[in-house]
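As structure tokens, the structure follows; a few thoughts come after it.
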Amino acid sequence: MQIHVMKFGGSSFATDQHFHRVAGYLRERTADGSKVALVVSGLPGATEELRARCLALNPAPSGETIDCLIPLADTIGAAYARAAIERLGVKVTTLYGFQLGLLTDANFSRARILEFDATPLRAALATHDVVVVPGGQARNAQGQQMWMGKNSSDLSAVAVAAALGVKQCEIYSDVCGVYSADPNLISGTQLVPELSYDSAITLSLSGAKVIHHGSVSYARRHGVEILCRLNQDDYRVGTRIGLGGNPAAVVLDHRSVVLEFSSQAELERAAAGLHDIEVPVVDLSQAGELRLVVTCGFFDVERFLREQKLQPRTLERHLATEFRRDGAVLRHLPEKAAAREFSQKLHDQLYSQSGRLGTAASAVQTARRR
């Protein structure tokens with residue numbers, strides 16, 4: 001049987017009409033007898049609401065508590081999606097984390113996949129047109145519910161595709177693909193039609209809001225191509241992540257935290273601790289400057305530093321990363337107040353028809369010296 005693996009993110013389900021629209025699209029995709037394994041995220045803001053309420057009750061909840069709570073957002077999203085699909089007469093069922101056959105280690109809130117037995121999923125697809133899977137959910141060897149962490153719905157979808165032997169995984173969101181910069185911050189951006197696994201990983205680790213680097217790494221290991229698609233209208237494909245090339249792009253991570261340390265030993269201790277818990281960092285140390293940048297903005301850096309008894313200075317700067325077509329990656333640390341303008345100049349320079357650096361050159365050199 002022809003199987004399609006699709007993942008719809010939270011923005012796909014902002015209203016009831018959104019649910020009905022996706023359900024209609026799925027009915028069309030299964031009309032020829034194809035099957036769909038559908039991975040669903042929580043509704044917009046649902047995960048953050050659950051987390052905030054929990055932290056209000058207990059600022060330091062256990063990992064087990066978090067892993068029992070946070071996946072509820074995706075469970076509810078999956079149930080609503082199933083209800084909308086059922087309404088159209090499509091044969092649909094749901095497999096939750098404990099039913100899915102996805103086994104992880106016991107690291108709460110950042111569980112890593114150990115194995116995936118696709119038998120339950122294949123059995124469900126044999127008797128249903130659509131099988132809905134809440135994103136990010138799994139179980140460990142003790143049968144406990146595990147959560148694979150922030151943005152792990154993409155990882156669930158890629159893992160489902162790999163387990164089923166499907167060579168493409170379709171990721172639907174409110175933008176159809178990866179752009180040369182964040183269109184909400186930079187003007188004149190261009191769609192990147194093809195992107196290599198390695199480039200997508202580096203973009204993500206630099207703070208770009210693209211497919212999570214862990215999901216892309218898993219896709220690379222298992223030979224799964226990721227198709228980024230629009231979640232409405234014509235559902236078009238925007239970017240293919242696989243064996244493509246290097247983009248010309250600028251990533252401004254306005255969520256980045258730039259730390260300056262007083263000794264190499266302290267920087268190395270901080271970097272090692274962050275690496276152990278898989279928090280993305282970029283070491284930008286050079287002569288006389290011991291700087292470490294925490295990217296992607298989902299981690300409580302201040303709490304980590306307190307627990308490690310580290311006291312670096314937090315600089316009023318952001319990380320801006322320049323990706324060139326020849327594969328070169330250049331890092332910059334502009335001041336926060338000027339970061340957007342600086343990144344716009346970098347982008348204009350990359351995409352200037354004349355190829356002349358103009359005023360952007362002096363701005364780049366200034367930022368590099370700082």
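Just remember, in the structure tokens the first chain shown is A, the second B, etc., residues are 1-based per chain, and ligands are 1-based in the order shown.
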Check: as a PyMOL selection string, which residues of segment 58-298 of chain A does DSSP assign to strand (DSSP E or B)?
Finding: chain A and resi 92-94+102-104+113-116+130-134+137-139+145-147+168-173+178-179+191-192+194-196+225-230+237-243+249-253+257-260+281-283+286+289+291-294
- Query: If we count only C-alpha atoms, what is near segment 64-71 of chain A at a cut-off of 12 Å, once residues fewer than 4 positions away on the same chain are taken out, given as a PyMOL selection string?
  - Reply: chain A and resi 40-43+45-55+57-60+75-78+96-98+106-111+133-140+144-153
task: List the neighbours of Ala126 of chain A out to 12 Å using only C-alpha atoms; skip same-chain residues closer than 4 positions along the sequence, and give me the result as a PyMOL selection string.
output: chain A and resi 1-3+33-37+91-93+119-122+130-131
I need the chosen residues saved as a PDB file, in the first residue's frame, with C-alpha atoms.
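Below is the file that was written, out.pdb:
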```pdb
ATOM      1  CA  MET A   1       0.000   0.000   0.000  1.00  0.00           C
ATOM      2  CA  GLN A   2       1.083   3.584  -0.689  1.00  0.00           C
ATOM      3  CA  ILE A   3       1.799   5.348   2.606  1.00  0.00           C
ATOM      4  CA  GLY A  33      -6.497   4.126  -1.667  1.00  0.00           C
ATOM      5  CA  SER A  34      -3.376   5.648  -0.151  1.00  0.00           C
ATOM      6  CA  LYS A  35      -2.821   5.594   3.598  1.00  0.00           C
ATOM      7  CA  VAL A  36      -1.679   8.470   5.802  1.00  0.00           C
ATOM      8  CA  ALA A  37       0.301   8.366   9.030  1.00  0.00           C
ATOM      9  CA  LYS A  91     -11.603   5.525   8.548  1.00  0.00           C
ATOM     10  CA  VAL A  92      -9.265   6.872  11.208  1.00  0.00           C
ATOM     11  CA  THR A  93      -7.708   5.738  14.468  1.00  0.00           C
ATOM     12  CA  THR A 119       4.208  -3.495  13.819  1.00  0.00           C
ATOM     13  CA  PRO A 120       1.391  -1.602  15.652  1.00  0.00           C
ATOM     14  CA  LEU A 121       1.530   1.194  13.079  1.00  0.00           C
ATOM     15  CA  ARG A 122       1.395  -1.171  10.117  1.00  0.00           C
ATOM     16  CA  VAL A 130      -5.513   7.590   8.485  1.00  0.00           C
ATOM     17  CA  VAL A 131      -3.615   6.838  11.692  1.00  0.00           C
TER      18      VAL A 131
END
```
Inset, instruction - For each of A:Ala219, A:Ala272, A:Leu155, A:Ile201, take the minimum atom-to-atom distance to Gln308 of chain A, counting only C-alpha atoms, then give the residue where this is smallest. - result: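 Nearest candidate to Gln308 of chain A out of A:Ala219, A:Ala272, A:Leu155, A:Ile201: A:Ala272.
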| said: Just want the 7 Å neighbourhood of Gly101 of chain A, counted on only C-alpha atoms, with same-chain residues fewer than 3 positions away dropped. Output as a PyMOL selection string. | reply: chain A and resi 116-118+120
Selection to disk with all heavy atoms, as a PDB file, in the first residue's frame:
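Below is the file part22.pdb, written as the result:
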```
ATOM      1  N   PHE A 116      12.346   1.373  17.104  1.00  0.00           N
ATOM      2  CA  PHE A 116      10.971   1.657  16.683  1.00  0.00           C
ATOM      3  C   PHE A 116      10.425   0.404  16.012  1.00  0.00           C
ATOM      4  O   PHE A 116      10.819   0.057  14.894  1.00  0.00           O
ATOM      5  CB  PHE A 116      10.952   2.833  15.711  1.00  0.00           C
ATOM      6  CG  PHE A 116       9.597   3.485  15.528  1.00  0.00           C
ATOM      7  CD1 PHE A 116       9.503   4.796  15.103  1.00  0.00           C
ATOM      8  CD2 PHE A 116       8.408   2.794  15.774  1.00  0.00           C
ATOM      9  CE1 PHE A 116       8.274   5.413  14.935  1.00  0.00           C
ATOM     10  CE2 PHE A 116       7.181   3.390  15.607  1.00  0.00           C
ATOM     11  CZ  PHE A 116       7.107   4.701  15.186  1.00  0.00           C
ATOM     12  N   ASP A 117       9.533  -0.275  16.702  1.00  0.00           N
ATOM     13  CA  ASP A 117       8.843  -1.436  16.147  1.00  0.00           C
ATOM     14  C   ASP A 117       7.588  -0.950  15.449  1.00  0.00           C
ATOM     15  O   ASP A 117       6.637  -0.516  16.092  1.00  0.00           O
ATOM     16  CB  ASP A 117       8.493  -2.421  17.264  1.00  0.00           C
ATOM     17  CG  ASP A 117       7.734  -3.641  16.757  1.00  0.00           C
ATOM     18  OD1 ASP A 117       7.570  -3.779  15.531  1.00  0.00           O
ATOM     19  OD2 ASP A 117       7.298  -4.452  17.595  1.00  0.00           O
ATOM     20  N   ALA A 118       7.577  -1.007  14.128  1.00  0.00           N
ATOM     21  CA  ALA A 118       6.470  -0.449  13.349  1.00  0.00           C
ATOM     22  C   ALA A 118       5.265  -1.383  13.255  1.00  0.00           C
ATOM     23  O   ALA A 118       4.285  -1.042  12.587  1.00  0.00           O
ATOM     24  CB  ALA A 118       6.951  -0.090  11.945  1.00  0.00           C
ATOM     25  N   PRO A 120       2.702  -2.195  15.331  1.00  0.00           N
ATOM     26  CA  PRO A 120       1.391  -1.602  15.652  1.00  0.00           C
ATOM     27  C   PRO A 120       0.931  -0.598  14.600  1.00  0.00           C
ATOM     28  O   PRO A 120      -0.254  -0.522  14.274  1.00  0.00           O
ATOM     29  CB  PRO A 120       1.623  -0.928  17.005  1.00  0.00           C
ATOM     30  CG  PRO A 120       2.815  -1.609  17.581  1.00  0.00           C
ATOM     31  CD  PRO A 120       3.682  -1.951  16.413  1.00  0.00           C
TER      32      PRO A 120
END
```
| query | Suppose you want the space between atom CA of Ser263 of chain A and atom CA of Thr314 of chain A; what is it in Å? | reply |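 Interatomic distance here is 14.6 Å.
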As a PDB file with N, CA, C and O atoms, in the first residue's frame, please: the residues near segment 245-258 of chain A (cut-off 9 Å, only C-alpha atoms, same-chain neighbours under 6 positions excluded).
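Produced file selection_11.pdb, reproduced below:
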```pdb
ATOM      1  N   TYR A 179      13.591  29.996   4.104  1.00  0.00           N
ATOM      2  CA  TYR A 179      13.903  31.223   3.377  1.00  0.00           C
ATOM      3  C   TYR A 179      15.331  31.685   3.676  1.00  0.00           C
ATOM      4  O   TYR A 179      15.970  31.212   4.617  1.00  0.00           O
ATOM      5  N   SER A 180      15.801  32.607   2.873  1.00  0.00           N
ATOM      6  CA  SER A 180      17.166  33.103   3.007  1.00  0.00           C
ATOM      7  C   SER A 180      17.365  33.917   4.284  1.00  0.00           C
ATOM      8  O   SER A 180      18.504  34.216   4.656  1.00  0.00           O
ATOM      9  N   ALA A 181      16.294  34.263   4.955  1.00  0.00           N
ATOM     10  CA  ALA A 181      16.313  34.909   6.272  1.00  0.00           C
ATOM     11  C   ALA A 181      14.885  34.872   6.792  1.00  0.00           C
ATOM     12  O   ALA A 181      13.956  34.507   6.059  1.00  0.00           O
ATOM     13  N   ASP A 182      14.699  35.243   8.028  1.00  0.00           N
ATOM     14  CA  ASP A 182      13.359  35.280   8.607  1.00  0.00           C
ATOM     15  C   ASP A 182      12.564  36.420   7.952  1.00  0.00           C
ATOM     16  O   ASP A 182      12.904  37.589   8.127  1.00  0.00           O
ATOM     17  N   LEU A 185      11.646  39.465   9.914  1.00  0.00           N
ATOM     18  CA  LEU A 185      12.695  40.375  10.371  1.00  0.00           C
ATOM     19  C   LEU A 185      13.424  41.069   9.229  1.00  0.00           C
ATOM     20  O   LEU A 185      13.857  42.210   9.369  1.00  0.00           O
ATOM     21  N   THR A 189      13.603  38.563   1.305  1.00  0.00           N
ATOM     22  CA  THR A 189      14.020  37.170   1.449  1.00  0.00           C
ATOM     23  C   THR A 189      13.571  36.328   0.262  1.00  0.00           C
ATOM     24  O   THR A 189      12.604  36.656  -0.427  1.00  0.00           O
ATOM     25  N   GLN A 190      14.277  35.221   0.046  1.00  0.00           N
ATOM     26  CA  GLN A 190      13.977  34.323  -1.064  1.00  0.00           C
ATOM     27  C   GLN A 190      13.846  32.891  -0.558  1.00  0.00           C
ATOM     28  O   GLN A 190      14.555  32.473   0.366  1.00  0.00           O
ATOM     29  N   VAL A 192      14.387  29.028  -0.400  1.00  0.00           N
ATOM     30  CA  VAL A 192      15.473  28.102  -0.730  1.00  0.00           C
ATOM     31  C   VAL A 192      14.827  26.791  -1.172  1.00  0.00           C
ATOM     32  O   VAL A 192      14.276  26.064  -0.348  1.00  0.00           O
ATOM     33  N   GLU A 194      16.054  23.874  -2.401  1.00  0.00           N
ATOM     34  CA  GLU A 194      16.722  22.638  -2.010  1.00  0.00           C
ATOM     35  C   GLU A 194      17.798  22.947  -0.978  1.00  0.00           C
ATOM     36  O   GLU A 194      18.512  23.945  -1.089  1.00  0.00           O
ATOM     37  N   LEU A 195      17.919  22.063  -0.009  1.00  0.00           N
ATOM     38  CA  LEU A 195      18.821  22.307   1.104  1.00  0.00           C
ATOM     39  C   LEU A 195      19.405  20.965   1.543  1.00  0.00           C
ATOM     40  O   LEU A 195      18.680  19.979   1.674  1.00  0.00           O
ATOM     41  N   SER A 196      20.692  20.924   1.763  1.00  0.00           N
ATOM     42  CA  SER A 196      21.308  19.682   2.220  1.00  0.00           C
ATOM     43  C   SER A 196      20.989  19.454   3.694  1.00  0.00           C
ATOM     44  O   SER A 196      20.681  20.396   4.440  1.00  0.00           O
ATOM     45  N   TYR A 197      21.082  18.206   4.111  1.00  0.00           N
ATOM     46  CA  TYR A 197      20.885  17.882   5.522  1.00  0.00           C
ATOM     47  C   TYR A 197      21.825  18.709   6.395  1.00  0.00           C
ATOM     48  O   TYR A 197      21.403  19.311   7.392  1.00  0.00           O
ATOM     49  N   ASP A 198      23.106  18.731   6.029  1.00  0.00           N
ATOM     50  CA  ASP A 198      24.099  19.420   6.856  1.00  0.00           C
ATOM     51  C   ASP A 198      23.803  20.913   6.977  1.00  0.00           C
ATOM     52  O   ASP A 198      23.942  21.500   8.053  1.00  0.00           O
ATOM     53  N   SER A 199      23.390  21.532   5.869  1.00  0.00           N
ATOM     54  CA  SER A 199      23.069  22.958   5.911  1.00  0.00           C
ATOM     55  C   SER A 199      21.862  23.216   6.798  1.00  0.00           C
ATOM     56  O   SER A 199      21.833  24.182   7.574  1.00  0.00           O
ATOM     57  N   ALA A 200      20.853  22.360   6.700  1.00  0.00           N
ATOM     58  CA  ALA A 200      19.657  22.524   7.528  1.00  0.00           C
ATOM     59  C   ALA A 200      19.996  22.382   9.002  1.00  0.00           C
ATOM     60  O   ALA A 200      19.476  23.120   9.854  1.00  0.00           O
ATOM     61  N   LEU A 203      21.865  25.588  10.080  1.00  0.00           N
ATOM     62  CA  LEU A 203      20.897  26.681  10.186  1.00  0.00           C
ATOM     63  C   LEU A 203      20.119  26.593  11.501  1.00  0.00           C
ATOM     64  O   LEU A 203      19.956  27.583  12.214  1.00  0.00           O
ATOM     65  N   SER A 206      22.079  27.412  14.536  1.00  0.00           N
ATOM     66  CA  SER A 206      22.388  28.842  14.576  1.00  0.00           C
ATOM     67  C   SER A 206      21.193  29.679  14.999  1.00  0.00           C
ATOM     68  O   SER A 206      21.296  30.903  15.096  1.00  0.00           O
ATOM     69  N   GLY A 207      20.057  29.023  15.226  1.00  0.00           N
ATOM     70  CA  GLY A 207      18.882  29.729  15.713  1.00  0.00           C
ATOM     71  C   GLY A 207      17.791  29.943  14.702  1.00  0.00           C
ATOM     72  O   GLY A 207      16.791  30.612  14.997  1.00  0.00           O
ATOM     73  N   ALA A 208      17.927  29.380  13.496  1.00  0.00           N
ATOM     74  CA  ALA A 208      16.886  29.549  12.485  1.00  0.00           C
ATOM     75  C   ALA A 208      15.645  28.745  12.858  1.00  0.00           C
ATOM     76  O   ALA A 208      15.738  27.642  13.399  1.00  0.00           O
ATOM     77  N   ARG A 291      34.011  33.877  24.707  1.00  0.00           N
ATOM     78  CA  ARG A 291      32.570  34.048  24.502  1.00  0.00           C
ATOM     79  C   ARG A 291      31.912  32.751  24.040  1.00  0.00           C
ATOM     80  O   ARG A 291      32.415  32.057  23.166  1.00  0.00           O
ATOM     81  N   LEU A 292      30.766  32.487  24.645  1.00  0.00           N
ATOM     82  CA  LEU A 292      29.960  31.318  24.318  1.00  0.00           C
ATOM     83  C   LEU A 292      28.535  31.797  24.061  1.00  0.00           C
ATOM     84  O   LEU A 292      27.997  32.584  24.840  1.00  0.00           O
ATOM     85  N   VAL A 293      27.931  31.325  22.965  1.00  0.00           N
ATOM     86  CA  VAL A 293      26.576  31.750  22.610  1.00  0.00           C
ATOM     87  C   VAL A 293      25.624  30.566  22.736  1.00  0.00           C
ATOM     88  O   VAL A 293      25.847  29.513  22.138  1.00  0.00           O
ATOM     89  N   VAL A 294      24.576  30.746  23.530  1.00  0.00           N
ATOM     90  CA  VAL A 294      23.522  29.746  23.641  1.00  0.00           C
ATOM     91  C   VAL A 294      22.440  30.127  22.641  1.00  0.00           C
ATOM     92  O   VAL A 294      21.904  31.243  22.687  1.00  0.00           O
ATOM     93  N   THR A 295      22.124  29.228  21.712  1.00  0.00           N
ATOM     94  CA  THR A 295      21.196  29.549  20.631  1.00  0.00           C
ATOM     95  C   THR A 295      19.839  28.888  20.835  1.00  0.00           C
ATOM     96  O   THR A 295      19.647  28.080  21.728  1.00  0.00           O
ATOM     97  N   CYS A 296      18.904  29.261  19.989  1.00  0.00           N
ATOM     98  CA  CYS A 296      17.565  28.648  19.864  1.00  0.00           C
ATOM     99  C   CYS A 296      16.569  29.066  20.939  1.00  0.00           C
ATOM    100  O   CYS A 296      15.369  28.831  20.783  1.00  0.00           O
ATOM    101  N   GLY A 297      17.001  29.640  22.045  1.00  0.00           N
ATOM    102  CA  GLY A 297      16.106  30.336  22.957  1.00  0.00           C
ATOM    103  C   GLY A 297      15.098  29.533  23.737  1.00  0.00           C
ATOM    104  O   GLY A 297      14.139  30.091  24.263  1.00  0.00           O
ATOM    105  N   PHE A 298      15.240  28.210  23.870  1.00  0.00           N
ATOM    106  CA  PHE A 298      14.250  27.442  24.599  1.00  0.00           C
ATOM    107  C   PHE A 298      14.757  26.995  25.967  1.00  0.00           C
ATOM    108  O   PHE A 298      14.100  26.214  26.649  1.00  0.00           O
ATOM    109  N   VAL A 301      18.905  29.621  30.661  1.00  0.00           N
ATOM    110  CA  VAL A 301      20.349  29.738  30.822  1.00  0.00           C
ATOM    111  C   VAL A 301      20.707  30.209  32.228  1.00  0.00           C
ATOM    112  O   VAL A 301      21.652  29.704  32.851  1.00  0.00           O
ATOM    113  N   ARG A 313      29.514  37.124  32.271  1.00  0.00           N
ATOM    114  CA  ARG A 313      28.806  38.367  31.968  1.00  0.00           C
ATOM    115  C   ARG A 313      27.944  38.148  30.725  1.00  0.00           C
ATOM    116  O   ARG A 313      28.396  37.574  29.734  1.00  0.00           O
ATOM    117  N   THR A 314      26.682  38.572  30.792  1.00  0.00           N
ATOM    118  CA  THR A 314      25.788  38.469  29.640  1.00  0.00           C
ATOM    119  C   THR A 314      25.889  39.750  28.825  1.00  0.00           C
ATOM    120  O   THR A 314      25.635  40.844  29.335  1.00  0.00           O
ATOM    121  N   LEU A 315      26.284  39.611  27.570  1.00  0.00           N
ATOM    122  CA  LEU A 315      26.487  40.775  26.709  1.00  0.00           C
ATOM    123  C   LEU A 315      25.198  41.167  25.998  1.00  0.00           C
ATOM    124  O   LEU A 315      24.369  40.308  25.688  1.00  0.00           O
ATOM    125  N   GLU A 316      25.048  42.433  25.716  1.00  0.00           N
ATOM    126  CA  GLU A 316      23.874  42.943  24.994  1.00  0.00           C
ATOM    127  C   GLU A 316      24.089  42.789  23.488  1.00  0.00           C
ATOM    128  O   GLU A 316      24.118  43.762  22.739  1.00  0.00           O
ATOM    129  N   ARG A 317      24.269  41.556  23.087  1.00  0.00           N
ATOM    130  CA  ARG A 317      24.513  41.241  21.687  1.00  0.00           C
ATOM    131  C   ARG A 317      23.686  40.027  21.270  1.00  0.00           C
ATOM    132  O   ARG A 317      23.225  39.258  22.118  1.00  0.00           O
ATOM    133  N   HIS A 318      23.513  39.873  19.970  1.00  0.00           N
ATOM    134  CA  HIS A 318      22.842  38.701  19.410  1.00  0.00           C
ATOM    135  C   HIS A 318      23.768  38.033  18.399  1.00  0.00           C
ATOM    136  O   HIS A 318      24.672  38.675  17.845  1.00  0.00           O
ATOM    137  N   LEU A 319      23.496  36.775  18.146  1.00  0.00           N
ATOM    138  CA  LEU A 319      24.253  36.048  17.139  1.00  0.00           C
ATOM    139  C   LEU A 319      23.608  36.238  15.770  1.00  0.00           C
ATOM    140  O   LEU A 319      22.412  35.995  15.592  1.00  0.00           O
ATOM    141  N   ALA A 320      24.394  36.662  14.804  1.00  0.00           N
ATOM    142  CA  ALA A 320      23.972  36.730  13.405  1.00  0.00           C
ATOM    143  C   ALA A 320      24.943  35.865  12.605  1.00  0.00           C
ATOM    144  O   ALA A 320      26.161  36.043  12.704  1.00  0.00           O
ATOM    145  N   THR A 321      24.402  34.925  11.838  1.00  0.00           N
ATOM    146  CA  THR A 321      25.241  33.984  11.098  1.00  0.00           C
ATOM    147  C   THR A 321      25.011  34.156   9.608  1.00  0.00           C
ATOM    148  O   THR A 321      23.876  34.193   9.143  1.00  0.00           O
ATOM    149  N   GLU A 322      26.095  34.248   8.884  1.00  0.00           N
ATOM    150  CA  GLU A 322      26.074  34.451   7.433  1.00  0.00           C
ATOM    151  C   GLU A 322      26.474  33.147   6.741  1.00  0.00           C
ATOM    152  O   GLU A 322      27.558  32.613   6.993  1.00  0.00           O
ATOM    153  N   PHE A 323      25.587  32.627   5.906  1.00  0.00           N
ATOM    154  CA  PHE A 323      25.858  31.406   5.143  1.00  0.00           C
ATOM    155  C   PHE A 323      26.095  31.790   3.685  1.00  0.00           C
ATOM    156  O   PHE A 323      25.227  32.398   3.060  1.00  0.00           O
ATOM    157  N   ARG A 324      27.246  31.416   3.162  1.00  0.00           N
ATOM    158  CA  ARG A 324      27.573  31.748   1.787  1.00  0.00           C
ATOM    159  C   ARG A 324      27.429  30.530   0.882  1.00  0.00           C
ATOM    160  O   ARG A 324      27.496  29.396   1.338  1.00  0.00           O
ATOM    161  N   ARG A 325      27.231  30.797  -0.394  1.00  0.00           N
ATOM    162  CA  ARG A 325      26.984  29.714  -1.355  1.00  0.00           C
ATOM    163  C   ARG A 325      28.153  28.746  -1.479  1.00  0.00           C
ATOM    164  O   ARG A 325      27.977  27.594  -1.870  1.00  0.00           O
ATOM    165  N   ASP A 326      29.361  29.215  -1.142  1.00  0.00           N
ATOM    166  CA  ASP A 326      30.522  28.330  -1.236  1.00  0.00           C
ATOM    167  C   ASP A 326      30.659  27.436  -0.007  1.00  0.00           C
ATOM    168  O   ASP A 326      31.633  26.681   0.116  1.00  0.00           O
ATOM    169  N   GLY A 327      29.681  27.520   0.914  1.00  0.00           N
ATOM    170  CA  GLY A 327      29.705  26.688   2.111  1.00  0.00           C
ATOM    171  C   GLY A 327      30.307  27.365   3.320  1.00  0.00           C
ATOM    172  O   GLY A 327      30.254  26.809   4.427  1.00  0.00           O
ATOM    173  N   LEU A 333      28.555  39.136  16.044  1.00  0.00           N
ATOM    174  CA  LEU A 333      27.873  39.455  17.299  1.00  0.00           C
ATOM    175  C   LEU A 333      27.528  40.941  17.341  1.00  0.00           C
ATOM    176  O   LEU A 333      28.102  41.708  18.121  1.00  0.00           O
ATOM    177  N   LYS A 336      22.499  44.322  20.223  1.00  0.00           N
ATOM    178  CA  LYS A 336      21.081  43.999  20.072  1.00  0.00           C
ATOM    179  C   LYS A 336      20.312  45.094  19.339  1.00  0.00           C
ATOM    180  O   LYS A 336      19.496  44.814  18.464  1.00  0.00           O
ATOM    181  N   ALA A 339      21.120  44.849  15.654  1.00  0.00           N
ATOM    182  CA  ALA A 339      21.243  43.507  15.060  1.00  0.00           C
ATOM    183  C   ALA A 339      20.378  43.329  13.820  1.00  0.00           C
ATOM    184  O   ALA A 339      20.803  42.725  12.834  1.00  0.00           O
ATOM    185  N   ARG A 340      19.177  43.866  13.863  1.00  0.00           N
ATOM    186  CA  ARG A 340      18.278  43.694  12.712  1.00  0.00           C
ATOM    187  C   ARG A 340      18.804  44.431  11.492  1.00  0.00           C
ATOM    188  O   ARG A 340      18.842  43.882  10.376  1.00  0.00           O
ATOM    189  N   SER A 343      21.844  42.653  10.109  1.00  0.00           N
ATOM    190  CA  SER A 343      21.491  41.430   9.382  1.00  0.00           C
ATOM    191  C   SER A 343      20.867  41.752   8.029  1.00  0.00           C
ATOM    192  O   SER A 343      21.080  41.026   7.052  1.00  0.00           O
ATOM    193  N   GLN A 344      20.100  42.829   7.967  1.00  0.00           N
ATOM    194  CA  GLN A 344      19.532  43.248   6.690  1.00  0.00           C
ATOM    195  C   GLN A 344      20.643  43.591   5.695  1.00  0.00           C
ATOM    196  O   GLN A 344      20.585  43.213   4.517  1.00  0.00           O
ATOM    197  N   LEU A 346      23.711  42.405   5.718  1.00  0.00           N
ATOM    198  CA  LEU A 346      24.345  41.160   5.318  1.00  0.00           C
ATOM    199  C   LEU A 346      23.536  40.476   4.221  1.00  0.00           C
ATOM    200  O   LEU A 346      24.091  39.987   3.227  1.00  0.00           O
ATOM    201  N   HIS A 347      22.226  40.440   4.394  1.00  0.00           N
ATOM    202  CA  HIS A 347      21.356  39.792   3.413  1.00  0.00           C
ATOM    203  C   HIS A 347      21.393  40.538   2.083  1.00  0.00           C
ATOM    204  O   HIS A 347      21.466  39.918   1.010  1.00  0.00           O
ATOM    205  N   LEU A 350      24.540  39.591   0.275  1.00  0.00           N
ATOM    206  CA  LEU A 350      24.513  38.252  -0.315  1.00  0.00           C
ATOM    207  C   LEU A 350      23.711  38.218  -1.608  1.00  0.00           C
ATOM    208  O   LEU A 350      24.030  37.472  -2.539  1.00  0.00           O
ATOM    209  N   TYR A 351      22.649  39.026  -1.654  1.00  0.00           N
ATOM    210  CA  TYR A 351      21.736  38.955  -2.797  1.00  0.00           C
ATOM    211  C   TYR A 351      21.807  40.176  -3.695  1.00  0.00           C
ATOM    212  O   TYR A 351      20.941  40.393  -4.536  1.00  0.00           O
TER     213      TYR A 351
END
```
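In this model, the gap between atom CA of Gly9 of chain A and atom CA of Ser173 of chain A comes to 5.9 Å.
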For Val279 of chain A, the closest of A:Arg306, A:Lys7, A:His213, A:Arg27 counting only C-alpha atoms is A:His213
Item checked: All helix (DSSP H, G or I) positions in segment 45-93 of chain A, as a ChimeraX atom specification -> /A:46-57,63-69,71-87
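Of the listed residues (A:Arg331, A:Arg303, A:Arg87, A:His18), A:Arg331 comes nearest to Thr202 of chain A; the distances count only C-alpha atoms.
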Residue among A:Phe299, A:Ala162, A:Gly188, A:Thr15 lying closest to Gln349 of chain A, counting only C-alpha atoms: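 Result for the nearest residue to Gln349 of chain A: A:Gly188.
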Nearest to Ala163 of chain A, restricted to only C-alpha atoms and choosing among A:Lys309, A:Arg82, A:His222, A:Arg269, comes out as A:His222
